[in-house]
Amino acid sequence: MDCEKKYQQAPEPKYECLLFDLDDTLYPLNSGLSVQITKNIREYMVHKLHIEESAVPELCLSLYKNYGTTMAGLKALGYNFDYDDFHGFVHGTLPYNLLKPDPVLRHLLHSLPIRKFIFTNADKAHAARVLARLGLEDCFDGIICFETLNPTNKSSASPDEKDNNLGCAQTGPVSLGEAALVGACSGGVNADVMLPKSPVVCKPFEEAFEQAFKILNINSQRTVFFEDSVRNLQTGKQMGLHTVLVGTAHRTKGVDYALESIHNIREALPELWEADMKSESVKYSGEVAIETSVKA
């Protein structure tokens with residue numbers, strides 16, 4: 001018998017790629033960074049976009065709920081500002097010193113024998129700073145960030161983007177008062193008004209996932225997605241991803257696993273490492289497999 005016929009190919013591993021959200025996933029929510037990010041976004045809305053301060057908290061929340069990010073919502077409503085200026089204001093003064101090196105997570109990530117990528121709505125500069133502070137800058141094969149999903153980022157919507165807006169193609173803020181904007185976005189006042197589409201591509205919408213899959217050349221059915229946002233995970237689940245909620249041990253709809261901390265990966269998904277053990281011997285002898293008895 002030919003030698004090649006005496007061997008069988010080892011089965012392919014169940015997972016071939018891991019996607020990780022950045023903020024409040026690779027570091028805990030109680031770090032305090034997210035609170036400062038929200039504060040800076042609200043200050044930008046007041047001081048740069050001149051939105052009535054009393055309306056900002058509820059408007060900010062409504063836009064986030066409807067558009068994935070407050071920035072995407074502001075663009076949808078027609079506010080004209082530069083993306084880099086927004087990111088610079090929101091992230092430029094963050095207390096990154098609140099984040100400390102995480103050697104435990106670093107070891108876990110380096111021990112994982114699978115391609116690993118960051119998938120975040122944040123800009124690349126923020127992602128780089130966070131990873132550097134955590135000591136994880138060399139733990140990933142790449143980053144999907146704001147610039148990746150919005151490569152032609154401009155301060156205002158292009159003519160094509162305006163045509164795609166659902167009946168609202170303003171180049172400046174919509175003429176409704178802030179209270180009306182809040183009502184429309186939250187489903188209250190003017191709930192029958194169709195909200196405009198944003199030119200910004202971001203999670204939790206399918207277009208962001210589709211772009212990420214294409215760019216990274218990954219099979220969603222063999223990819224695990226780690227996130228702190230349930231709605232982002234639910235979209236990921238609909239797109240075929242295996243989903244892991246980080247920050248709580250309580251599972252919910254659209255979530256396959258729930259981890260109190262990102263440090264609990266090995267306990268929850270030991271198969272990520274078992275796949276590597278099986279692949280160490282790429283081929284094995286078919287005859288030996290038949291002749292050797294195994295006790296379970």
# chains A, B, ... in the order shown; residues from 1 in each chain; ligands from 1
>>> residues_around(residues="Cys145 of chain A", least_positions_apart="4", cutoff="8 Å", atoms="only C-alpha atoms", output="list in words")
Ile118, Phe119, Thr120, Asn121, Ala122, Asp123, Lys124, Ala127 and Leu149 of chain A
>>> write_last_selection(atoms="N, CA and C atoms", output="mmCIF file, in the first residue's frame")
data_model
loop_
_atom_site.group_PDB
_atom_site.id
_atom_site.type_symbol
_atom_site.label_atom_id
_atom_site.label_comp_id
_atom_site.auth_asym_id
_atom_site.auth_seq_id
_atom_site.Cartn_x
_atom_site.Cartn_y
_atom_site.Cartn_z
ATOM 1 N N ILE A 118 -8.812 42.917 16.076
ATOM 2 C CA ILE A 118 -9.644 43.888 16.796
ATOM 3 C C ILE A 118 -10.736 44.357 15.836
ATOM 4 N N PHE A 119 -11.971 44.476 16.340
ATOM 5 C CA PHE A 119 -13.102 44.969 15.549
ATOM 6 C C PHE A 119 -13.800 46.029 16.377
ATOM 7 N N THR A 120 -13.477 47.310 16.116
ATOM 8 C CA THR A 120 -13.964 48.402 16.940
ATOM 9 C C THR A 120 -14.530 49.537 16.103
ATOM 10 N N ASN A 121 -15.458 50.292 16.687
ATOM 11 C CA ASN A 121 -15.981 51.494 16.031
ATOM 12 C C ASN A 121 -15.062 52.697 16.241
ATOM 13 N N ALA A 122 -14.101 52.571 17.132
ATOM 14 C CA ALA A 122 -13.203 53.679 17.448
ATOM 15 C C ALA A 122 -12.200 53.912 16.317
ATOM 16 N N ASP A 123 -11.519 55.051 16.383
ATOM 17 C CA ASP A 123 -10.515 55.350 15.367
ATOM 18 C C ASP A 123 -9.203 54.643 15.679
ATOM 19 N N LYS A 124 -8.312 54.595 14.679
ATOM 20 C CA LYS A 124 -7.077 53.823 14.816
ATOM 21 C C LYS A 124 -6.144 54.377 15.883
ATOM 22 N N ALA A 127 -7.375 53.135 19.241
ATOM 23 C CA ALA A 127 -7.110 51.701 19.354
ATOM 24 C C ALA A 127 -5.637 51.445 19.662
ATOM 25 N N LEU A 149 -13.568 50.942 8.019
ATOM 26 C CA LEU A 149 -14.949 50.841 7.549
ATOM 27 C C LEU A 149 -15.412 52.090 6.815
#
>>> residues_around(residues="Arg133 of chain A", least_positions_apart="3", cutoff="12 Å", atoms="only C-alpha atoms", output="PyMOL selection string")
chain A and resi 26-27+95-103+106+126-130+136-138
>>> atom_distance(atom1="atom CA of Phe81 of chain A", atom2="atom CA of Gly142 of chain A")
28.2 Å
>>> select_by_dssp(residues="segment 30-266 of chain A", states="strand (DSSP E or B)", output="VMD selection string")
chain A and resid 115 to 119 142 to 144 223 to 227 242 to 246 257 to 259
>>> closest_residue(among="A:Pro204, A:Pro270, A:Gly32, A:Pro199", to="Tyr79 of chain A", atoms="only C-alpha atoms")
A:Pro199
>>> closest_residue(among="A:Arg42, A:Asn80, A:Ile262, A:Cys17", to="Thr248 of chain A", atoms="only C-alpha atoms")
A:Ile262
>>> closest_residue(among="A:Ile265, A:Leu22, A:Leu74, A:Leu108", to="Leu131 of chain A", atoms="only C-alpha atoms")
A:Leu22
>>> closest_residue(among="A:Leu94, A:Leu245, A:Thr223, A:Lys214", to="Asn264 of chain A", atoms="only C-alpha atoms")
A:Leu245
>>> residues_around(residues="Glu147 of chain A", least_positions_apart="3", cutoff="10 Å", atoms="only C-alpha atoms", output="number ranges by chain")
A: 83-84, 121-125, 143-144, 150-153, 201
>>> write_last_selection(atoms="N, CA and C atoms", output="short mmCIF file (atom, residue, chain, number, x, y, z; two decimals), in the first residue's frame")
data_model
loop_
_atom_site.label_atom_id
_atom_site.label_comp_id
_atom_site.auth_asym_id
_atom_site.auth_seq_id
_atom_site.Cartn_x
_atom_site.Cartn_y
_atom_site.Cartn_z
N TYR A 83 -14.40 64.30 10.93
CA TYR A 83 -14.29 63.09 11.74
C TYR A 83 -13.04 63.12 12.63
N ASP A 84 -11.93 63.54 12.06
CA ASP A 84 -10.69 63.58 12.85
C ASP A 84 -10.79 64.58 14.00
N ASN A 121 -15.46 50.29 16.69
CA ASN A 121 -15.98 51.49 16.03
C ASN A 121 -15.06 52.70 16.24
N ALA A 122 -14.10 52.57 17.13
CA ALA A 122 -13.20 53.68 17.45
C ALA A 122 -12.20 53.91 16.32
N ASP A 123 -11.52 55.05 16.38
CA ASP A 123 -10.52 55.35 15.37
C ASP A 123 -9.20 54.64 15.68
N LYS A 124 -8.31 54.60 14.68
CA LYS A 124 -7.08 53.82 14.82
C LYS A 124 -6.14 54.38 15.88
N ALA A 125 -6.12 55.71 16.05
CA ALA A 125 -5.23 56.30 17.05
C ALA A 125 -5.64 55.86 18.46
N ILE A 143 -6.35 45.29 12.74
CA ILE A 143 -7.41 46.05 13.40
C ILE A 143 -8.43 46.54 12.37
N ILE A 144 -9.69 46.24 12.62
CA ILE A 144 -10.79 46.83 11.86
C ILE A 144 -11.31 47.97 12.71
N ASN A 150 -14.69 53.19 7.01
CA ASN A 150 -15.05 54.45 6.36
C ASN A 150 -13.82 55.05 5.69
N PRO A 151 -13.29 54.38 4.66
CA PRO A 151 -12.02 54.78 4.04
C PRO A 151 -12.06 56.11 3.32
N THR A 152 -13.24 56.58 2.93
CA THR A 152 -13.34 57.86 2.23
C THR A 152 -13.98 58.89 3.15
N ASN A 153 -13.62 58.85 4.43
CA ASN A 153 -14.26 59.73 5.40
C ASN A 153 -14.10 61.19 5.04
N VAL A 201 -20.41 53.95 8.55
CA VAL A 201 -20.55 52.50 8.68
C VAL A 201 -19.99 52.09 10.03
#
>>> residues_around(residues="Lys14 of chain A", least_positions_apart="4", cutoff="9 Å", atoms="only C-alpha atoms", output="PyMOL selection string")
chain A and resi 221-223+271-272+275
>>> closest_residue(among="A:Ser111, A:Asn217, A:Glu227, A:Asp141", to="His242 of chain A", atoms="only C-alpha atoms")
A:Glu227
>>> decode(residues="segment 88-105 of chain A", atoms="N, CA, C and O atoms", output="short mmCIF file (atom, residue, chain, number, x, y, z; two decimals), in the first residue's frame")
data_model
loop_
_atom_site.label_atom_id
_atom_site.label_comp_id
_atom_site.auth_asym_id
_atom_site.auth_seq_id
_atom_site.Cartn_x
_atom_site.Cartn_y
_atom_site.Cartn_z
N GLY A 88 -10.38 63.48 17.74
CA GLY A 88 -9.33 64.15 18.49
C GLY A 88 -9.86 64.77 19.77
O GLY A 88 -9.21 64.73 20.82
N PHE A 89 -11.05 65.37 19.70
CA PHE A 89 -11.66 65.99 20.87
C PHE A 89 -12.08 64.94 21.88
O PHE A 89 -11.83 65.08 23.09
N VAL A 90 -12.70 63.87 21.41
CA VAL A 90 -13.24 62.84 22.31
C VAL A 90 -12.14 62.00 22.95
O VAL A 90 -12.21 61.66 24.13
N HIS A 91 -11.12 61.66 22.16
CA HIS A 91 -10.07 60.77 22.67
C HIS A 91 -8.78 61.48 23.07
O HIS A 91 -7.95 60.91 23.79
N GLY A 92 -8.62 62.72 22.62
CA GLY A 92 -7.34 63.40 22.81
C GLY A 92 -6.95 63.64 24.25
O GLY A 92 -5.76 63.68 24.58
N THR A 93 -7.93 63.81 25.13
CA THR A 93 -7.62 64.12 26.53
C THR A 93 -8.01 62.98 27.47
O THR A 93 -8.11 63.19 28.69
N LEU A 94 -8.20 61.79 26.94
CA LEU A 94 -8.59 60.67 27.79
C LEU A 94 -7.47 60.29 28.76
O LEU A 94 -6.29 60.34 28.42
N PRO A 95 -7.83 59.89 29.96
CA PRO A 95 -6.82 59.46 30.95
C PRO A 95 -6.39 58.02 30.69
O PRO A 95 -6.75 57.09 31.44
N TYR A 96 -5.60 57.84 29.64
CA TYR A 96 -5.16 56.48 29.28
C TYR A 96 -4.35 55.84 30.40
O TYR A 96 -4.18 54.61 30.42
N ASN A 97 -3.83 56.66 31.31
CA ASN A 97 -3.06 56.13 32.43
C ASN A 97 -3.91 55.25 33.35
O ASN A 97 -3.38 54.50 34.19
N LEU A 98 -5.25 55.32 33.19
CA LEU A 98 -6.13 54.45 33.96
C LEU A 98 -5.99 53.00 33.54
O LEU A 98 -6.35 52.08 34.29
N LEU A 99 -5.49 52.77 32.33
CA LEU A 99 -5.29 51.41 31.82
C LEU A 99 -3.89 50.94 32.18
O LEU A 99 -2.92 51.66 31.98
N LYS A 100 -3.80 49.73 32.68
CA LYS A 100 -2.52 49.17 33.10
C LYS A 100 -2.17 47.95 32.24
O LYS A 100 -3.06 47.28 31.71
N PRO A 101 -0.89 47.65 32.11
CA PRO A 101 -0.48 46.45 31.36
C PRO A 101 -1.17 45.21 31.92
O PRO A 101 -1.34 45.08 33.15
N ASP A 102 -1.58 44.32 31.03
CA ASP A 102 -2.30 43.11 31.42
C ASP A 102 -1.52 41.88 30.95
O ASP A 102 -1.81 41.32 29.91
N PRO A 103 -0.53 41.45 31.72
CA PRO A 103 0.30 40.30 31.31
C PRO A 103 -0.49 39.00 31.23
O PRO A 103 -0.14 38.11 30.44
N VAL A 104 -1.54 38.87 32.04
CA VAL A 104 -2.35 37.65 32.00
C VAL A 104 -3.05 37.53 30.66
O VAL A 104 -3.02 36.48 30.00
N LEU A 105 -3.70 38.62 30.22
CA LEU A 105 -4.39 38.60 28.94
C LEU A 105 -3.38 38.46 27.80
O LEU A 105 -3.64 37.77 26.81
#
